[in-house]
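Next comes target_24.txt, with compact mmCIF, C-alpha atoms.
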```
# COMPACT_ATOMS: atom_id res chain seq x y z
CA MET O 298 -5.10 -24.86 19.39
CA GLN O 299 -1.41 -24.33 20.13
CA SER O 300 0.64 -21.87 18.12
CA ALA O 301 3.60 -24.23 17.80
CA ASP O 302 4.30 -27.98 17.74
CA LEU O 303 4.94 -28.97 21.36
CA THR O 304 6.52 -32.32 20.38
CA THR O 305 9.67 -30.61 19.14
CA PRO O 306 11.93 -28.20 21.02
CA PRO O 307 11.50 -24.51 20.17
CA ARG O 308 13.79 -23.05 17.53
CA ALA O 309 16.66 -20.81 18.57
CA PHE O 310 16.96 -19.11 15.17
CA PRO O 311 14.42 -18.25 12.47
CA GLU O 312 13.71 -20.54 9.58
CA PRO O 313 15.03 -18.80 6.41
CA LYS O 314 11.89 -19.61 4.43
CA ALA O 315 9.76 -18.07 7.19
CA LEU O 316 11.74 -14.83 7.00
CA LEU O 317 10.94 -14.60 3.29
CA GLN O 318 7.27 -15.32 4.01
CA LEU O 319 7.16 -12.39 6.43
CA LEU O 320 8.11 -10.07 3.56
CA LYS O 321 4.96 -11.17 1.64
CA PRO O 322 6.18 -10.60 -1.94
CA ILE O 323 2.60 -10.73 -3.26
CA THR O 324 1.94 -7.34 -1.59
CA TRP O 325 4.80 -5.55 -3.33
CA PHE O 326 3.04 -4.84 -6.63
CA PRO O 327 1.04 -1.68 -5.68
CA PRO O 328 4.00 0.39 -4.42
CA MET O 329 6.28 -0.87 -7.18
CA TRP O 330 3.66 0.10 -9.78
CA ALA O 331 3.25 3.51 -8.17
CA PHE O 332 7.05 3.95 -8.16
CA VAL O 333 7.18 3.22 -11.90
CA CYS O 334 4.36 5.74 -12.43
CA GLY O 335 6.50 8.30 -10.63
CA ALA O 336 9.56 7.39 -12.67
CA VAL O 337 7.59 7.78 -15.91
CA SER O 338 6.10 11.11 -14.82
CA SER O 339 9.57 12.51 -14.11
CA GLY O 340 10.33 12.70 -17.83
CA ALA O 341 13.63 10.87 -17.45
CA SER O 342 14.45 8.01 -19.79
CA LEU O 343 13.92 4.75 -17.94
CA GLY O 344 15.98 2.91 -20.53
CA ASP O 345 18.95 5.20 -19.94
CA ASN O 346 18.75 4.73 -16.17
CA PRO O 347 17.96 1.03 -15.57
CA GLY O 348 20.03 0.93 -12.40
CA LEU O 349 18.04 3.76 -10.81
CA VAL O 350 14.75 2.18 -11.80
CA LEU O 351 15.78 -1.16 -10.37
CA ALA O 352 17.03 0.46 -7.16
CA GLY O 353 13.77 2.33 -6.74
CA VAL O 354 11.64 -0.75 -7.37
CA VAL O 355 13.66 -2.64 -4.76
CA LEU O 356 13.19 0.22 -2.30
CA ALA O 357 9.42 0.50 -2.85
CA GLY O 358 8.70 -3.23 -2.89
CA PRO O 359 11.01 -5.54 -0.91
CA LEU O 360 12.42 -2.91 1.44
CA VAL O 361 9.61 -0.51 2.38
CA CYS O 362 6.53 -2.61 1.64
CA GLY O 363 8.27 -5.79 2.81
CA GLY O 364 9.34 -4.05 6.00
CA SER O 365 5.80 -2.88 6.69
CA GLN O 366 4.61 -6.48 6.39
CA ILE O 367 7.14 -7.66 8.99
CA VAL O 368 6.04 -4.91 11.36
CA ASN O 369 2.39 -5.82 10.88
CA ASP O 370 2.97 -9.53 11.51
CA TRP O 371 4.96 -8.85 14.67
CA PHE O 372 2.32 -6.68 16.26
CA ASP O 373 -0.47 -9.02 15.11
CA ARG O 374 1.23 -12.11 16.50
CA HIS O 375 -1.21 -12.60 19.39
CA VAL O 376 -4.27 -12.39 17.14
CA ASP O 377 -2.59 -14.59 14.54
CA ALA O 378 -1.88 -17.20 17.23
CA ILE O 379 -5.67 -17.62 17.49
CA ASN O 380 -6.82 -17.09 13.91
CA GLU O 381 -3.79 -18.12 11.82
CA PRO O 382 -1.42 -20.16 14.01
CA HIS O 383 0.44 -21.43 10.93
CA ARG O 384 1.95 -17.99 10.22
CA PRO O 385 5.73 -17.65 10.71
CA ILE O 386 5.74 -15.94 14.11
CA PRO O 387 2.94 -17.71 16.01
CA SER O 388 4.02 -21.07 14.58
CA GLY O 389 7.45 -20.63 16.17
CA ARG O 390 9.31 -20.70 12.85
CA VAL O 391 10.41 -17.14 13.70
CA PRO O 392 10.91 -17.59 17.46
CA GLY O 393 11.20 -15.25 20.42
CA GLU O 394 11.93 -11.61 19.65
CA TRP O 395 13.39 -12.33 16.22
CA GLY O 396 10.33 -10.89 14.48
CA LEU O 397 10.83 -7.53 16.22
CA TYR O 398 14.55 -7.50 15.47
CA TYR O 399 13.84 -8.34 11.85
CA ALA O 400 11.33 -5.47 11.58
CA ILE O 401 13.80 -2.97 13.06
CA VAL O 402 16.78 -4.08 10.98
CA TRP O 403 14.76 -4.22 7.75
CA SER O 404 13.37 -0.72 8.38
CA LEU O 405 16.87 0.65 8.98
CA LEU O 406 18.10 -1.12 5.85
CA GLY O 407 15.37 0.60 3.84
CA LEU O 408 16.29 4.00 5.28
CA GLY O 409 19.98 3.51 4.58
CA PHE O 410 19.27 2.40 1.02
CA SER O 411 16.98 5.39 0.41
CA ALA O 412 19.63 7.84 1.61
CA MET O 413 21.81 6.82 -1.33
CA LEU O 414 19.07 7.88 -3.76
CA GLY O 415 18.64 11.50 -2.65
CA ILE O 416 17.34 13.59 0.20
CA TRP O 417 13.70 13.67 -0.96
CA VAL O 418 13.76 9.91 -1.39
CA PHE O 419 15.07 9.55 2.15
CA TRP O 420 12.36 11.75 3.65
CA ALA O 421 9.62 10.02 1.67
CA THR O 422 10.93 6.65 2.85
CA LEU O 423 11.13 7.83 6.45
CA LEU O 424 7.53 9.00 6.30
CA GLY O 425 6.40 5.75 4.68
CA LEU O 426 8.12 3.60 7.30
CA SER O 427 6.81 5.82 10.10
CA LEU O 428 3.28 5.29 8.80
CA ALA O 429 3.92 1.55 8.62
CA TRP O 430 4.95 1.43 12.27
CA ALA O 431 2.10 3.73 13.31
CA TYR O 432 -0.35 1.54 11.40
CA SER O 433 0.58 -1.63 13.26
CA ALA O 434 2.27 -0.70 16.51
CA PRO O 435 0.80 0.67 19.74
CA PRO O 436 0.05 3.23 20.99
CA LEU O 437 -1.30 4.56 17.67
CA ARG O 438 -2.08 1.24 15.92
CA LEU O 439 -3.95 3.02 13.14
CA LYS O 440 -5.23 -0.24 11.71
CA LEU O 441 -7.77 -0.43 14.53
CA ASN O 442 -9.87 2.19 12.74
CA GLY O 443 -10.54 2.04 9.01
CA TRP O 444 -10.98 5.79 8.60
CA TYR O 445 -7.35 6.71 9.22
CA GLY O 446 -5.74 3.28 8.92
CA ASN O 447 -6.77 2.98 5.28
CA LEU O 448 -5.52 6.49 4.60
CA ALA O 449 -2.09 5.63 6.03
CA VAL O 450 -1.82 2.63 3.72
CA GLY O 451 -3.05 4.57 0.69
CA VAL O 452 -0.50 7.34 1.24
CA SER O 453 2.34 4.84 1.71
CA TYR O 454 1.52 2.45 -1.12
CA GLU O 455 0.46 4.98 -3.77
CA GLY O 456 1.39 8.59 -3.03
CA LEU O 457 4.79 8.25 -1.40
CA ALA O 458 5.87 5.52 -3.80
CA TRP O 459 4.89 7.73 -6.75
CA ILE O 460 6.73 10.74 -5.36
CA THR O 461 9.76 8.56 -4.62
CA GLY O 462 9.81 7.30 -8.21
CA ALA O 463 9.85 10.83 -9.58
CA ALA O 464 12.42 12.03 -7.05
CA VAL O 465 14.78 9.14 -7.80
CA MET O 466 14.75 9.84 -11.53
CA LEU O 467 15.16 13.58 -10.94
CA GLY O 468 18.32 13.05 -8.94
CA GLY O 469 16.68 13.74 -5.60
CA VAL O 470 14.94 16.97 -6.66
CA MET O 471 11.39 17.53 -5.41
CA PRO O 472 8.89 16.60 -8.18
CA SER O 473 6.60 19.10 -9.90
CA PRO O 474 3.35 20.32 -8.34
CA GLN O 475 1.38 18.35 -10.95
CA ILE O 476 3.06 15.11 -9.91
CA LEU O 477 2.47 15.84 -6.21
CA MET O 478 -1.22 16.57 -6.79
CA LEU O 479 -1.78 13.42 -8.82
CA ALA O 480 0.03 11.30 -6.24
CA GLY O 481 -2.09 12.83 -3.49
CA LEU O 482 -5.37 12.26 -5.30
CA TYR O 483 -4.61 8.65 -6.13
CA SER O 484 -3.60 8.12 -2.50
CA LEU O 485 -7.04 9.29 -1.41
CA GLY O 486 -8.72 6.99 -3.91
CA ALA O 487 -6.70 4.06 -2.57
CA HIS O 488 -8.57 4.53 0.73
CA GLY O 489 -11.58 3.02 -1.04
CA ILE O 490 -9.52 0.13 -2.38
CA MET O 491 -8.36 -0.67 1.15
CA THR O 492 -11.97 -0.63 2.34
CA LEU O 493 -12.84 -3.28 -0.25
CA ASN O 494 -9.89 -5.37 0.91
CA ASP O 495 -11.36 -5.38 4.42
CA PHE O 496 -14.51 -7.22 3.33
CA LYS O 497 -12.68 -10.55 3.50
CA SER O 498 -12.17 -10.22 7.27
CA ILE O 499 -15.31 -8.41 8.40
CA ASP O 500 -16.43 -11.07 10.90
CA GLY O 501 -12.96 -11.55 12.33
CA ASP O 502 -12.44 -7.79 12.65
CA ARG O 503 -15.64 -7.43 14.64
CA SER O 504 -14.70 -10.30 16.95
CA ILE O 505 -11.32 -8.83 17.90
CA GLY O 506 -12.25 -5.14 17.97
CA ILE O 507 -10.72 -3.91 14.69
CA ARG O 508 -13.03 -1.16 13.46
CA SER O 509 -12.57 -1.56 9.72
CA LEU O 510 -15.15 0.34 7.72
CA PRO O 511 -17.10 -2.79 6.73
CA ALA O 512 -17.15 -3.76 10.41
CA GLN O 513 -18.31 -0.26 11.44
CA LEU O 514 -20.77 0.55 8.68
CA GLY O 515 -21.90 -2.83 7.42
CA ALA O 516 -21.17 -4.25 4.00
CA ASP O 517 -23.65 -2.19 1.98
CA ARG O 518 -22.78 1.24 3.38
CA ALA O 519 -19.04 0.53 3.34
CA ALA O 520 -19.22 -0.53 -0.31
CA ARG O 521 -21.06 2.64 -1.30
CA LEU O 522 -18.52 4.74 0.59
CA ALA O 523 -15.62 2.90 -1.06
CA CYS O 524 -17.06 3.56 -4.51
CA VAL O 525 -17.47 7.28 -3.80
CA VAL O 526 -13.97 7.55 -2.33
CA MET O 527 -12.47 5.89 -5.40
CA ALA O 528 -14.48 7.93 -7.90
CA VAL O 529 -14.27 11.49 -6.54
CA PRO O 530 -10.44 11.82 -6.69
CA GLN O 531 -10.53 10.57 -10.29
CA LEU O 532 -13.08 13.25 -11.15
CA ALA O 533 -10.62 15.78 -9.72
CA VAL O 534 -7.84 14.20 -11.81
CA ILE O 535 -9.93 14.61 -14.97
CA ALA O 536 -10.54 18.27 -14.16
CA LEU O 537 -6.84 18.89 -13.52
CA LEU O 538 -5.77 17.17 -16.74
CA LEU O 539 -8.15 19.38 -18.71
CA PHE O 540 -6.86 22.46 -16.90
CA TRP O 541 -3.25 21.48 -17.63
CA GLY O 542 -4.01 20.96 -21.34
CA HIS O 543 -4.12 17.16 -21.59
CA PRO O 544 -7.56 16.44 -23.09
CA ALA O 545 -6.63 13.02 -24.47
CA ALA O 546 -5.50 11.80 -21.05
CA ALA O 547 -8.61 13.31 -19.48
CA ALA O 548 -10.74 11.38 -21.97
CA GLY O 549 -8.87 8.18 -21.13
CA ILE O 550 -9.47 8.61 -17.40
CA THR O 551 -13.11 9.44 -18.10
CA LEU O 552 -13.51 6.18 -20.02
CA SER O 553 -11.74 4.28 -17.26
CA LEU O 554 -14.00 5.83 -14.62
CA PHE O 555 -17.09 5.01 -16.68
CA LEU O 556 -16.05 1.35 -16.84
CA GLN O 557 -15.31 1.41 -13.12
CA ALA O 558 -18.79 2.81 -12.52
CA LEU O 559 -20.30 -0.14 -14.37
CA ALA O 560 -18.30 -2.48 -12.17
CA MET O 561 -19.37 -0.51 -9.09
CA THR O 562 -23.04 -0.97 -9.91
CA LYS O 563 -22.42 -4.71 -9.93
CA ILE O 564 -20.43 -4.90 -6.70
CA LEU O 565 -23.06 -2.89 -4.83
CA LYS O 566 -25.53 -5.74 -5.42
CA ASP O 567 -23.34 -8.16 -3.43
CA PRO O 568 -20.38 -6.42 -1.74
CA LEU O 569 -19.29 -9.41 0.31
CA GLY O 570 -19.31 -11.80 -2.61
CA LEU O 571 -18.00 -9.50 -5.32
CA ALA O 572 -15.26 -7.50 -3.56
CA PRO O 573 -12.52 -9.90 -4.82
CA TRP O 574 -13.96 -9.67 -8.33
CA TYR O 575 -13.84 -5.86 -8.22
CA ASN O 576 -10.20 -5.96 -7.11
CA GLY O 577 -9.43 -7.73 -10.37
CA THR O 578 -11.48 -5.42 -12.59
CA GLY O 579 -12.20 -1.98 -11.17
CA VAL O 580 -8.89 -1.70 -9.34
CA THR O 581 -7.02 -2.72 -12.48
CA LEU O 582 -8.69 0.14 -14.36
CA TYR O 583 -7.80 2.46 -11.47
CA VAL O 584 -4.08 1.68 -11.56
CA LEU O 585 -3.95 1.82 -15.36
CA GLY O 586 -5.30 5.35 -15.05
CA MET O 587 -2.38 6.19 -12.81
CA MET O 588 0.05 5.26 -15.57
CA LEU O 589 -1.92 7.25 -18.15
CA CYS O 590 -1.63 10.31 -15.91
CA ALA O 591 2.08 9.69 -15.47
CA PHE O 592 2.62 9.84 -19.24
CA ALA O 593 0.39 12.94 -19.50
CA VAL O 594 2.43 15.04 -17.05
CA ARG O 595 5.75 13.50 -18.06
CA GLY O 596 8.57 15.96 -17.76
CA THR O 597 6.72 18.79 -16.00
CA VAL O 598 9.16 21.27 -14.48
CA PRO O 599 10.04 20.37 -10.87
CA TRP O 600 10.44 22.84 -8.04
CA LEU O 601 14.08 23.82 -7.77
```
Could I get this file's structure written as structure tokens?
Amino acid sequence: MQSADLTTPPRAFPEPKALLQLLKPITWFPPMWAFVCGAVSSGASLGDNPGLVLAGVVLAGPLVCGGSQIVNDWFDRHVDAINEPHRPIPSGRVPGEWGLYYAIVWSLLGLGFSAMLGIWVFWATLLGLSLAWAYSAPPLRLKLNGWYGNLAVGVSYEGLAWITGAAVMLGGVMPSPQILMLAGLYSLGAHGIMTLNDFKSIDGDRSIGIRSLPAQLGADRAARLACVVMAVPQLAVIALLLFWGHPAAAAGITLSLFLQALAMTKILKDPLGLAPWYNGTGVTLYVLGMMLCAFAVRGTVPWL
């Protein structure tokens, strides 16, 4: 199968619609949600600062997450030419080196935008974009191994976006230790979510040498690991909330985790078939817990 239509001459410039497709808007929700969690946890009034909230959501979603999607598609172009030749780059709708140029320019745009929102926002964005390039690009190409590739995505999509949200609303000041700990724990839990996302491509991953955890461990063992990785950080969150004097929030997370556990018992019976179902149930409970935590620690004193 050819990656482009040979009956028509190759394009000299990208198709505008294809450039938008490379940004993959459907993937923007997790970091934008995490950013809003960070903004809420800062204690600032979101209604009094709509411009900052909008700027941060644009940074987390279209700029940083969108940029990471361009990078990933560029460095996956040879594999996509075999498995998904209709995608923008292998199909020729984004011809030549335009995909690489687009990835570089979009990453620099995200960095420049972040610099206007404060020094901590800039450094968090730089780290997030660095992880995005390391995830997809050689020589590191972290995505080739699910152990550290999933961690890179979890940190970028959940932890750094949360910290960025708090830092933006705090005028660039580093967020409180409570916020940093919650962001870190939910980043670790997101490692399990990424493992579940890999079930959809387990056969393809094995055929091209991507060592996702389902490909390495098999569906059953990978599903059990994912459940443990999602649950343990939330147990730590419950303990911290109790220690910090937020029993109601701790009870809410406990209830959420109990419901997730019920869903986990179901998915373990058929990981391959039920992974998409869990993403719509258990993962929803997981991210709602993030927002509950954000309200619980709202306004904690940042480091000065």
Between O:Trp417, O:Phe496, O:Tyr454, O:Phe540, which residue has the minimum interatomic distance to Trp330 in chain O, considering only C-alpha atoms?
O:Tyr454
Interface rows for range 329-435 of chain O against range 594-598 of chain O: nearest pair, Å to one decimal, 7 Å, all atoms listed in the file, as a tab-separated table:
```
residue	atom	partner	partner_atom	distance
O:Val337	CA	O:Arg595	CA	6.4
O:Ser338	CA	O:Arg595	CA	4.0
O:Ser339	CA	O:Gly596	CA	5.1
O:Gly340	CA	O:Gly596	CA	3.7
```
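Going from CA of Val354 in chain O over to CA of Ala548 in chain O, you cover 29.3 Å.
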Determine the nearest neighbour of Lys440 in chain O from the options O:Gln513, O:Ser553, O:Thr581, O:Asn369, counting all atoms listed in the file.
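Ranked by minimum distance to Lys440 in chain O, first place goes to O:Asn369.
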Would you please work out which residue, of O:Ala545, O:Val534, O:Leu569, O:Ala352, is nearest to Pro511 in chain O when using only C-alpha atoms?
O:Leu569
Counting only C-alpha atoms, write as a list in words all protein and nucleic acid residues lying at most 12 Å from (-13.7, 12.4, -2.2) in the file's frame.
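The distance filter leaves exactly Gly481, Leu482, Tyr483, Ser484, Leu485, Gly486, Ala487, His488, Gly489, Leu522, Ala523, Cys524, Val525, Val526, Met527, Ala528, Val529, Pro530, Gln531, Leu532, Ala533 and Val534 of chain O.
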I'd like to know which of O:Val376, O:Gly348, O:Pro311, O:Ala591 is closest to Ser504 in chain O, using only C-alpha atoms.
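Closest to Ser504 in chain O of all the choices is O:Val376.
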Nearest to Thr562 in chain O, restricted to all atoms listed in the file and choosing among O:Leu437, O:Val368, O:Leu493, O:Ala520, comes out as O:Ala520
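Rounded to one decimal, CA of Met491 in chain O and CA of Asn447 in chain O lie 5.7 Å from each other.
Compared by their closest atoms to Asp345 in chain O, and using only C-alpha atoms, the residues O:Met466, O:Gln318, O:Asn380, O:Ala309 rank with O:Met466 nearest.
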Shell around Thr324 in chain O at 9 Å using all atoms listed in the file, local window under 5 positions removed, as a list in words:
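Result of the neighbour search: Gly358, Cys362, Gly363 and Gln366 of chain O.
For the atom pair formed by CA of Met413 in chain O and CA of Val361 in chain O, the distance is 14.7 Å, given to one decimal.
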I'd like the neighbourhood of Ala449 in chain O as a ChimeraX atom specification, where a residue qualifies if any of its atoms comes within 8 Å (using all atoms listed in the file), though same-chain residues fewer than 5 positions away should be ignored.
/O:428-429,432,439
Could those residues be written to a file, using C-alpha atoms, as a PDB file, keeping the file's coordinate frame?
```pdb
ATOM      1  CA  LEU O 428       3.280   5.290   8.800  1.00  0.00           C
ATOM      2  CA  ALA O 429       3.920   1.550   8.620  1.00  0.00           C
ATOM      3  CA  TYR O 432      -0.350   1.540  11.400  1.00  0.00           C
ATOM      4  CA  LEU O 439      -3.950   3.020  13.140  1.00  0.00           C
TER       5      LEU O 439
END
```
Find the spatial neighbours of Val465 in chain O, counting all atoms listed in the file, within a cut-off of 8 Å - ignore same-chain residues fewer than 4 positions away - and output them as number ranges by chain.
O: 336, 349, 353, 414-415, 418, 461, 469-470
Just want the 9 Å neighbourhood of Gln475 in chain O, counted on only C-alpha atoms, with same-chain residues fewer than 2 positions away dropped. Output as a list in words.
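These residues fall inside the cut-off: Pro472, Ser473, Leu477, Met478, Leu479, Ala480, Leu537, Trp541, Val594, Thr597 and Pro599 of chain O.
Using all atoms listed in the file, the contacts of Leu554 in chain O at a cut-off of 8 Å, with sequence neighbours closer than 2 positions omitted, comprise Ala528, Gln531, Ile550, Thr551, Leu552, Leu556, Gln557, Ala558, Leu582 and Tyr583 of chain O.
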Export of the given selection (C-alpha atoms) as a short mmCIF file (atom, residue, chain, number, x, y, z; two decimals), in the frame of the given file:
```
data_model
loop_
_atom_site.label_atom_id
_atom_site.label_comp_id
_atom_site.auth_asym_id
_atom_site.auth_seq_id
_atom_site.Cartn_x
_atom_site.Cartn_y
_atom_site.Cartn_z
CA ALA O 528 -14.48 7.93 -7.90
CA GLN O 531 -10.53 10.57 -10.29
CA ILE O 550 -9.47 8.61 -17.40
CA THR O 551 -13.11 9.44 -18.10
CA LEU O 552 -13.51 6.18 -20.02
CA LEU O 556 -16.05 1.35 -16.84
CA GLN O 557 -15.31 1.41 -13.12
CA ALA O 558 -18.79 2.81 -12.52
CA LEU O 582 -8.69 0.14 -14.36
CA TYR O 583 -7.80 2.46 -11.47
#
```
Extending 6 Å beyond the listed atoms of range 388-392 of chain O on each side, what axis-aligned box results? I want centre and edge lengths in Å to one decimal, as AutoDock Vina command-line options.
```
--center_x 7.5 --center_y -19.1 --center_z 15.2 --size_x 18.9 --size_y 15.9 --size_z 16.6
```
